[in-house]
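A.B. asks: For reference, the structure I am asking about is given below.
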Amino acid sequence: MSNDQTSGQAASKKTGTVERFTSTGFILAAIGSSVGLGNMWKFPYITGKHGGAAFFLLFIICLIVVGLPILLAEMTIGRGGRGNASVSFFNLTGKKYWGAFGLLSILTAFMIMSYYAVVAGWTLHYTVESFTGLLFQEGSDYKGKFLSFASGYWPIFWQAVVMLVTGWVIAKGVSGGIEKFNKILIPGFLIILLILMVRSLTLPGAAAGVSFFLKPDFSKLDAESALVALGHAFFSLSLGMGCMLTYGSYVEKRQSLGTATLAIGFGDLVYAFIAGLVIFPTVFSYGLQPGEGVGLAFMALPAAFSQMPFGFFFGGLFFLLLAIAALTSAISILEVPVAYAMHKWQWSRKKSAIILSVLCFLVGVPSGLSVGGVLGDFHPGGKSIFDWMDFITSYVLMPFGGLVVTLFTGYAWKKAGEEAGLKGFWYKAWMFLLRVVAPVLIVCVFLHSVGIIKFS
């Protein structure tokens, strides 16, 4: 064991990061990280845009071929290195440049958290507006309502609430905060999701939505659809931002990482599947467009809930669902820079959580004010501040972080298979996917996202 690793572990004990997940707690926390706004907000509208069932099947393939191998790699690095997203790379090789690559994923998580809290704040606002009935008023212009809300300062208030809740949970620790929070919210999330699914499937005309989601039409797929599906598989599992690597560092040695990977992937798919059975029957029942875009949740679906009996209740449940998804993911994202601060500056967990929460809030304020607010007309390079933050992290930094993980596990770290518990055929298959398939596909996604590869 290197001197740096020994001192790193000593520092971890001093700051409290020696805490560990239980087996069940780890899987629930990891599912909570993956089942975020990506599944509940982004997945439905990109599925609607790219043809429904055929795209969903493509997403499953991408999840299996690229997502799960990288997920296993991230958790393996975390548990093997027993440190934050930067220290773990160094501990396993003793080479500083790998630690620098890991530091980039910590920056990525910090940047994502700054604007992710803005969207999470929207979900809290809409939850309150729905349950109080203020959102659903006869003749309401829901697009106008959203833009009116986004143009004021309420988004900043709700962003602050998100950071307060997230920071509070993380300050409570791994087992007493993160694990306990997910053990309560993830089962509750599933219950709400099932209630909404039953309600959606019993709506008049729901069958058309079910058919759209479950009956493949492969003629609607193209090369761009494949890259979008691959990018979403990456995004939905929280890969490339250090979340699963950091969570992996809290996993006991007796935990089977292979089994955990399958459980997390299955959970991610199940939640995405049920989400589709909630949204598409509702969309078709009320004559909305499945490819509405980013406004599907906040501009289109409220119109459907307003026409539904007890719509304020079911609308409230839907936005509460989004809020839970947002918070469980936010916790995993903020934990990445918090774990780094605890080790780097020897801060306590509470101090790290408070300082990082405040910093993320301050950095995120411009994003919150750029969606129709006082910075709404500021579009450098044709994008708002919010859009730039999303673009840089989702399409540049995250793919790069994932590429680093594949190359590190596939080529630089020789004992990855031993830590992952893989031998023979499964080890060779994992290495092939990490060394050849995943890097090529990740590069293709990156080149497409920056406009170098284009499709007519």
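Lettering and numbering for the structure tokens are positional, with chains as A, B, ... in the shown order, residues counted from 1 in each chain, and ligands counted from 1 in the shown order.
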Neighbouring residues of A:Asp217 were defined as those with any atom within 10 Å, considering only C-alpha atoms; residues of the same chain fewer than 5 positions away were excluded. Please report them as a count of residues only.

C.D. replies: 7

A.B. asks: Could I get the residues of stretch 129-225 of chain A with an atom no further than 7 Å from an atom of stretch 315-329 of chain A, each paired with its nearest atom pair and that distance in Å to one decimal, using only C-alpha atoms, sorted by chain and residue number, as a tab-separated table?

C.D. replies:
residue	atom	partner	partner_atom	distance
A:Ser130	CA	A:Gly316	CA	4.6
A:Phe131	CA	A:Gly316	CA	4.9
A:Thr166	CA	A:Leu327	CA	6.8
A:Asn182	CA	A:Thr328	CA	6.7
A:Leu185	CA	A:Ile324	CA	6.8
A:Phe189	CA	A:Leu321	CA	6.1
A:Ile192	CA	A:Leu317	CA	6.7

A.B. asks: At a cut-off of 8 Å, using only C-alpha atoms, what residues contact stretch 36-39 of chain A? Leave out same-chain residues fewer than 2 positions from it and give the result as a PyMOL selection string.

C.D. replies: chain A and resi 32-34+41-44+232+235-236+268+271-272+275+322+325-329

A.B. asks: Can you spit out the residues from that selection as a PDB file, in the first residue's frame, using N, CA and C atoms?

C.D. replies:
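selection19.pdb written:
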ATOM      1  N   GLY A  32     -31.407   5.205  -6.653  1.00  0.00           N
ATOM      2  CA  GLY A  32     -31.866   6.575  -6.456  1.00  0.00           C
ATOM      3  C   GLY A  32     -31.060   7.556  -7.276  1.00  0.00           C
ATOM      4  N   SER A  33     -29.767   7.297  -7.417  1.00  0.00           N
ATOM      5  CA  SER A  33     -28.913   8.158  -8.233  1.00  0.00           C
ATOM      6  C   SER A  33     -29.278   8.057  -9.708  1.00  0.00           C
ATOM      7  N   SER A  34     -29.520   6.829 -10.178  1.00  0.00           N
ATOM      8  CA  SER A  34     -29.818   6.633 -11.599  1.00  0.00           C
ATOM      9  C   SER A  34     -31.244   7.017 -11.959  1.00  0.00           C
ATOM     10  N   TRP A  41     -38.147  12.869 -16.687  1.00  0.00           N
ATOM     11  CA  TRP A  41     -38.372  14.100 -17.453  1.00  0.00           C
ATOM     12  C   TRP A  41     -37.797  13.981 -18.855  1.00  0.00           C
ATOM     13  N   LYS A  42     -36.541  13.526 -18.967  1.00  0.00           N
ATOM     14  CA  LYS A  42     -35.874  13.492 -20.261  1.00  0.00           C
ATOM     15  C   LYS A  42     -36.246  12.268 -21.091  1.00  0.00           C
ATOM     16  N   PHE A  43     -36.269  11.095 -20.470  1.00  0.00           N
ATOM     17  CA  PHE A  43     -36.527   9.857 -21.206  1.00  0.00           C
ATOM     18  C   PHE A  43     -37.852   9.894 -21.979  1.00  0.00           C
ATOM     19  N   PRO A  44     -38.968  10.332 -21.367  1.00  0.00           N
ATOM     20  CA  PRO A  44     -40.236  10.328 -22.120  1.00  0.00           C
ATOM     21  C   PRO A  44     -40.197  11.190 -23.378  1.00  0.00           C
ATOM     22  N   HIS A 232     -28.234   8.695 -23.585  1.00  0.00           N
ATOM     23  CA  HIS A 232     -29.162   8.651 -22.459  1.00  0.00           C
ATOM     24  C   HIS A 232     -28.855   7.475 -21.530  1.00  0.00           C
ATOM     25  N   PHE A 235     -26.287   8.866 -19.388  1.00  0.00           N
ATOM     26  CA  PHE A 235     -26.815   9.884 -18.476  1.00  0.00           C
ATOM     27  C   PHE A 235     -27.679   9.268 -17.384  1.00  0.00           C
ATOM     28  N   SER A 236     -28.507   8.288 -17.761  1.00  0.00           N
ATOM     29  CA  SER A 236     -29.482   7.743 -16.803  1.00  0.00           C
ATOM     30  C   SER A 236     -28.815   6.967 -15.674  1.00  0.00           C
ATOM     31  N   ASP A 268     -33.204   0.637 -13.000  1.00  0.00           N
ATOM     32  CA  ASP A 268     -33.257   1.781 -13.910  1.00  0.00           C
ATOM     33  C   ASP A 268     -34.241   1.522 -15.044  1.00  0.00           C
ATOM     34  N   TYR A 271     -38.024   1.415 -13.759  1.00  0.00           N
ATOM     35  CA  TYR A 271     -38.574   2.747 -13.517  1.00  0.00           C
ATOM     36  C   TYR A 271     -38.824   3.488 -14.832  1.00  0.00           C
ATOM     37  N   ALA A 272     -37.924   3.335 -15.803  1.00  0.00           N
ATOM     38  CA  ALA A 272     -38.122   3.973 -17.105  1.00  0.00           C
ATOM     39  C   ALA A 272     -39.344   3.388 -17.812  1.00  0.00           C
ATOM     40  N   ALA A 275     -42.463   4.620 -16.096  1.00  0.00           N
ATOM     41  CA  ALA A 275     -42.618   6.041 -16.424  1.00  0.00           C
ATOM     42  C   ALA A 275     -43.254   6.210 -17.798  1.00  0.00           C
ATOM     43  N   LEU A 322     -41.487  13.576  -9.594  1.00  0.00           N
ATOM     44  CA  LEU A 322     -40.342  14.246 -10.198  1.00  0.00           C
ATOM     45  C   LEU A 322     -39.418  14.820  -9.127  1.00  0.00           C
ATOM     46  N   ALA A 325     -37.404  12.038  -7.505  1.00  0.00           N
ATOM     47  CA  ALA A 325     -36.372  11.600  -8.442  1.00  0.00           C
ATOM     48  C   ALA A 325     -35.224  12.600  -8.483  1.00  0.00           C
ATOM     49  N   ALA A 326     -35.579  13.873  -8.489  1.00  0.00           N
ATOM     50  CA  ALA A 326     -34.558  14.918  -8.543  1.00  0.00           C
ATOM     51  C   ALA A 326     -33.694  14.921  -7.285  1.00  0.00           C
ATOM     52  N   LEU A 327     -34.312  14.782  -6.125  1.00  0.00           N
ATOM     53  CA  LEU A 327     -33.571  14.858  -4.865  1.00  0.00           C
ATOM     54  C   LEU A 327     -32.653  13.654  -4.659  1.00  0.00           C
ATOM     55  N   THR A 328     -33.121  12.446  -5.000  1.00  0.00           N
ATOM     56  CA  THR A 328     -32.274  11.267  -4.809  1.00  0.00           C
ATOM     57  C   THR A 328     -31.036  11.332  -5.703  1.00  0.00           C
ATOM     58  N   SER A 329     -31.194  11.896  -6.906  1.00  0.00           N
ATOM     59  CA  SER A 329     -30.035  12.065  -7.789  1.00  0.00           C
ATOM     60  C   SER A 329     -29.142  13.200  -7.317  1.00  0.00           C
TER      61      SER A 329
END

A.B. asks: Give me, please, the distance in Å between atom CA of A:Gly25 and atom CA of A:Leu107, quoted to one decimal.

C.D. replies: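 Between atom CA of A:Gly25 and atom CA of A:Leu107 the gap is 26.2 Å.
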
A.B. asks: Tell me, as a PDB file with N, CA and C atoms, in the first residue's frame, which residues lie within 9 Å of A:Ala353, counting only C-alpha atoms; anything in the same chain fewer than 5 positions away does not count.

C.D. replies:
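around_31.pdb written:
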ATOM      1  N   THR A 166     -30.683  18.816   0.174  1.00  0.00           N
ATOM      2  CA  THR A 166     -29.590  17.947  -0.274  1.00  0.00           C
ATOM      3  C   THR A 166     -28.402  18.026   0.685  1.00  0.00           C
ATOM      4  N   GLY A 167     -28.014  19.244   1.037  1.00  0.00           N
ATOM      5  CA  GLY A 167     -26.896  19.420   1.962  1.00  0.00           C
ATOM      6  C   GLY A 167     -27.169  18.829   3.328  1.00  0.00           C
ATOM      7  N   TRP A 168     -28.412  18.953   3.790  1.00  0.00           N
ATOM      8  CA  TRP A 168     -28.787  18.412   5.106  1.00  0.00           C
ATOM      9  C   TRP A 168     -28.659  16.893   5.134  1.00  0.00           C
ATOM     10  N   VAL A 169     -29.150  16.234   4.079  1.00  0.00           N
ATOM     11  CA  VAL A 169     -29.080  14.768   4.018  1.00  0.00           C
ATOM     12  C   VAL A 169     -27.624  14.309   3.991  1.00  0.00           C
ATOM     13  N   ILE A 170     -26.800  14.944   3.172  1.00  0.00           N
ATOM     14  CA  ILE A 170     -25.395  14.553   3.065  1.00  0.00           C
ATOM     15  C   ILE A 170     -24.652  14.801   4.377  1.00  0.00           C
ATOM     16  N   ALA A 171     -24.990  15.883   5.063  1.00  0.00           N
ATOM     17  CA  ALA A 171     -24.338  16.183   6.340  1.00  0.00           C
ATOM     18  C   ALA A 171     -24.619  15.112   7.391  1.00  0.00           C
ATOM     19  N   LEU A 334     -24.011  15.751  -5.368  1.00  0.00           N
ATOM     20  CA  LEU A 334     -23.316  16.630  -4.421  1.00  0.00           C
ATOM     21  C   LEU A 334     -22.309  15.866  -3.567  1.00  0.00           C
ATOM     22  N   GLU A 335     -22.569  14.582  -3.320  1.00  0.00           N
ATOM     23  CA  GLU A 335     -21.650  13.778  -2.508  1.00  0.00           C
ATOM     24  C   GLU A 335     -20.264  13.701  -3.147  1.00  0.00           C
ATOM     25  N   PRO A 337     -18.310  16.119  -4.877  1.00  0.00           N
ATOM     26  CA  PRO A 337     -17.383  17.157  -4.405  1.00  0.00           C
ATOM     27  C   PRO A 337     -17.252  17.205  -2.884  1.00  0.00           C
ATOM     28  N   VAL A 338     -18.299  16.806  -2.152  1.00  0.00           N
ATOM     29  CA  VAL A 338     -18.209  16.777  -0.688  1.00  0.00           C
ATOM     30  C   VAL A 338     -17.147  15.773  -0.241  1.00  0.00           C
ATOM     31  N   ALA A 341     -13.744  17.296  -0.826  1.00  0.00           N
ATOM     32  CA  ALA A 341     -13.413  18.359   0.128  1.00  0.00           C
ATOM     33  C   ALA A 341     -13.014  17.773   1.485  1.00  0.00           C
ATOM     34  N   SER A 348     -14.777  18.508   8.135  1.00  0.00           N
ATOM     35  CA  SER A 348     -15.784  17.553   8.596  1.00  0.00           C
ATOM     36  C   SER A 348     -16.846  17.400   7.511  1.00  0.00           C
ATOM     37  N   VAL A 358     -23.581  25.822  -0.523  1.00  0.00           N
ATOM     38  CA  VAL A 358     -23.626  27.273  -0.761  1.00  0.00           C
ATOM     39  C   VAL A 358     -22.952  27.617  -2.085  1.00  0.00           C
TER      40      VAL A 358
END

A.B. asks: Within 10 Å of A:Ala29, counting only C-alpha atoms, which residues qualify if same-chain residues fewer than 6 places away don't, as a VMD selection string?

C.D. replies: chain A and resid 21 35 174 178 to 183 185 to 186 244 247 264 328 to 329 331 to 332

A.B. asks: Considering only C-alpha atoms, state which residue in the set A:Ala260, A:Met40, A:Ala117, A:Val228 is at the smallest distance from A:Gly248.

C.D. replies: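 Of all the options, A:Ala260 lies closest to A:Gly248.
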
A.B. asks: List every residue of stretch 257-442 of chain A that DSSP, applied to the backbone of this structure, places in helix (DSSP H, G or I), and write the result as a VMD selection string.

C.D. replies: chain A and resid 257 to 285 296 to 307 311 to 344 349 to 369 380 to 382 385 to 412 416 to 420 424 to 442

A.B. asks: Output C-alpha atoms for every residue in the selection just made, as a compact mmCIF listing (two decimals), in the first residue's frame.

C.D. replies:
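Everything below was put into result_7.txt:
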# COMPACT_ATOMS: atom_id res chain seq x y z
CA LEU A 257 -20.43 -5.68 -7.58
CA GLY A 258 -21.61 -7.78 -10.52
CA THR A 259 -24.91 -8.52 -8.80
CA ALA A 260 -25.24 -4.88 -7.74
CA THR A 261 -24.64 -3.72 -11.32
CA LEU A 262 -27.42 -5.97 -12.64
CA ALA A 263 -29.78 -4.86 -9.86
CA ILE A 264 -29.13 -1.18 -10.55
CA GLY A 265 -29.52 -1.62 -14.30
CA PHE A 266 -32.73 -3.60 -13.85
CA GLY A 267 -34.09 -0.99 -11.46
CA ASP A 268 -33.26 1.78 -13.91
CA LEU A 269 -35.08 -0.03 -16.72
CA VAL A 270 -38.13 -0.85 -14.60
CA TYR A 271 -38.57 2.75 -13.52
CA ALA A 272 -38.12 3.97 -17.11
CA PHE A 273 -40.64 1.39 -18.34
CA ILE A 274 -43.28 2.34 -15.77
CA ALA A 275 -42.62 6.04 -16.42
CA GLY A 276 -43.43 5.40 -20.06
CA LEU A 277 -46.70 3.71 -19.07
CA VAL A 278 -47.54 6.79 -16.98
CA ILE A 279 -46.76 9.48 -19.51
CA PHE A 280 -47.62 8.12 -22.97
CA PRO A 281 -51.18 6.92 -22.16
CA THR A 282 -51.82 10.33 -20.56
CA VAL A 283 -50.34 12.17 -23.55
CA PHE A 284 -52.39 10.24 -26.12
CA SER A 285 -55.56 10.30 -24.03
CA LEU A 296 -43.56 17.98 -21.91
CA ALA A 297 -43.55 17.78 -18.10
CA PHE A 298 -43.98 21.44 -17.23
CA MET A 299 -46.01 22.82 -20.13
CA ALA A 300 -47.95 19.96 -21.76
CA LEU A 301 -48.81 17.45 -19.02
CA PRO A 302 -50.43 20.05 -16.68
CA ALA A 303 -53.00 20.61 -19.44
CA ALA A 304 -53.83 16.89 -19.31
CA PHE A 305 -54.07 16.80 -15.52
CA SER A 306 -56.37 19.84 -15.57
CA GLN A 307 -58.94 17.84 -17.59
CA GLY A 311 -56.41 16.15 -11.61
CA PHE A 312 -54.94 18.33 -8.87
CA PHE A 313 -54.25 15.17 -6.84
CA PHE A 314 -52.78 13.09 -9.67
CA GLY A 315 -50.87 16.09 -10.98
CA GLY A 316 -49.52 16.68 -7.50
CA LEU A 317 -48.43 13.04 -7.28
CA PHE A 318 -46.70 13.31 -10.64
CA PHE A 319 -44.69 16.38 -9.69
CA LEU A 320 -43.96 14.90 -6.27
CA LEU A 321 -42.58 11.92 -8.18
CA LEU A 322 -40.34 14.25 -10.20
CA ALA A 323 -39.22 15.98 -7.00
CA ILE A 324 -38.25 12.70 -5.32
CA ALA A 325 -36.37 11.60 -8.44
CA ALA A 326 -34.56 14.92 -8.54
CA LEU A 327 -33.57 14.86 -4.86
CA THR A 328 -32.27 11.27 -4.81
CA SER A 329 -30.03 12.07 -7.79
CA ALA A 330 -28.99 15.44 -6.38
CA ILE A 331 -27.69 13.74 -3.24
CA SER A 332 -25.41 11.43 -5.22
CA ILE A 333 -24.14 14.32 -7.35
CA LEU A 334 -23.32 16.63 -4.42
CA GLU A 335 -21.65 13.78 -2.51
CA VAL A 336 -18.90 13.71 -5.16
CA PRO A 337 -17.38 17.16 -4.41
CA VAL A 338 -18.21 16.78 -0.69
CA ALA A 339 -16.14 13.56 -0.48
CA TYR A 340 -13.29 15.34 -2.23
CA ALA A 341 -13.41 18.36 0.13
CA MET A 342 -13.38 16.08 3.19
CA HIS A 343 -10.19 14.39 2.03
CA LYS A 344 -8.42 17.35 0.41
CA ARG A 349 -18.70 16.13 6.62
CA LYS A 350 -21.03 18.84 7.96
CA LYS A 351 -18.65 21.67 7.04
CA SER A 352 -18.05 20.19 3.57
CA ALA A 353 -21.79 19.80 2.95
CA ILE A 354 -22.55 23.38 4.00
CA ILE A 355 -19.75 25.01 2.00
CA LEU A 356 -20.33 22.96 -1.17
CA SER A 357 -24.10 23.51 -0.99
CA VAL A 358 -23.63 27.27 -0.76
CA LEU A 359 -21.07 27.31 -3.58
CA CYS A 360 -23.26 25.17 -5.85
CA PHE A 361 -26.21 27.47 -5.15
CA LEU A 362 -24.22 30.61 -5.99
CA VAL A 363 -22.79 29.12 -9.19
CA GLY A 364 -26.28 27.94 -10.18
CA VAL A 365 -28.04 31.30 -9.74
CA PRO A 366 -27.10 32.55 -13.24
CA SER A 367 -28.57 29.33 -14.71
CA GLY A 368 -31.77 29.86 -12.72
CA LEU A 369 -32.08 33.43 -13.99
CA PRO A 380 -23.61 33.91 -25.86
CA GLY A 381 -23.01 31.62 -28.81
CA GLY A 382 -26.76 31.16 -29.23
CA ILE A 385 -26.27 30.04 -19.46
CA PHE A 386 -28.45 27.08 -18.42
CA ASP A 387 -28.09 25.51 -21.87
CA TRP A 388 -24.32 26.01 -21.89
CA MET A 389 -23.94 24.36 -18.48
CA ASP A 390 -26.05 21.42 -19.66
CA PHE A 391 -24.20 21.13 -22.97
CA ILE A 392 -20.68 21.30 -21.50
CA THR A 393 -21.38 18.75 -18.77
CA SER A 394 -23.71 16.33 -20.57
CA TYR A 395 -22.05 16.27 -23.98
CA VAL A 396 -18.40 17.05 -23.27
CA LEU A 397 -17.31 16.38 -19.68
CA MET A 398 -19.46 13.31 -18.93
CA PRO A 399 -18.48 11.41 -22.10
CA PHE A 400 -14.84 12.31 -21.44
CA GLY A 401 -15.16 11.09 -17.84
CA GLY A 402 -16.68 7.83 -19.07
CA LEU A 403 -13.87 7.44 -21.59
CA VAL A 404 -11.30 7.86 -18.83
CA VAL A 405 -13.02 5.13 -16.79
CA THR A 406 -13.04 2.69 -19.72
CA LEU A 407 -9.38 3.27 -20.60
CA PHE A 408 -8.25 3.16 -16.98
CA THR A 409 -10.09 -0.08 -16.21
CA GLY A 410 -9.34 -1.67 -19.57
CA TYR A 411 -5.66 -0.82 -19.88
CA ALA A 412 -4.07 0.88 -16.86
CA ALA A 416 -9.78 -4.72 -12.13
CA GLY A 417 -11.15 -8.20 -12.79
CA GLU A 418 -10.06 -9.41 -9.35
CA GLU A 419 -11.80 -6.48 -7.61
CA ALA A 420 -14.93 -6.87 -9.76
CA GLY A 424 -12.99 -16.39 -17.60
CA PHE A 425 -15.56 -15.52 -20.25
CA TRP A 426 -17.25 -12.74 -18.28
CA TYR A 427 -13.95 -11.00 -17.59
CA LYS A 428 -12.92 -11.23 -21.26
CA ALA A 429 -16.32 -9.93 -22.40
CA TRP A 430 -16.12 -7.04 -19.93
CA MET A 431 -12.62 -6.12 -21.07
CA PHE A 432 -13.62 -6.25 -24.75
CA LEU A 433 -16.53 -3.89 -24.12
CA LEU A 434 -14.35 -1.51 -22.09
CA ARG A 435 -11.30 -1.59 -24.34
CA VAL A 436 -12.98 -1.54 -27.76
CA VAL A 437 -16.75 -1.09 -27.94
CA ALA A 438 -17.42 1.56 -25.27
CA PRO A 439 -14.54 3.92 -26.22
CA VAL A 440 -15.51 3.92 -29.90
CA LEU A 441 -19.18 4.58 -29.16
CA ILE A 442 -18.41 7.26 -26.56

A.B. asks: Contacts of A:Arg79 at 7 Å or less, counting only C-alpha atoms, minus same-chain residues fewer than 5 places along, as a PDB file with C-alpha atoms, in the first residue's frame?

C.D. replies:
ATOM      1  CA  GLY A 248     -18.468   2.376  -4.744  1.00  0.00           C
ATOM      2  CA  SER A 249     -15.885   3.568  -2.212  1.00  0.00           C
ATOM      3  CA  TYR A 250     -18.505   3.068   0.539  1.00  0.00           C
ATOM      4  CA  VAL A 251     -19.262  -0.564  -0.436  1.00  0.00           C
TER       5      VAL A 251
END

A.B. asks: How many Å lie between atom CA of A:Leu203 and atom CA of A:Met308, rounded to one decimal?

C.D. replies: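 Between atom CA of A:Leu203 and atom CA of A:Met308 the gap is 8.8 Å.
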
A.B. asks: Report, in Å with one decimal, the straight-line distance from atom CA of A:Val445 to atom CA of A:Pro216.

C.D. replies: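 Straight-line distance from atom CA of A:Val445 to atom CA of A:Pro216 works out to 23.6 Å.
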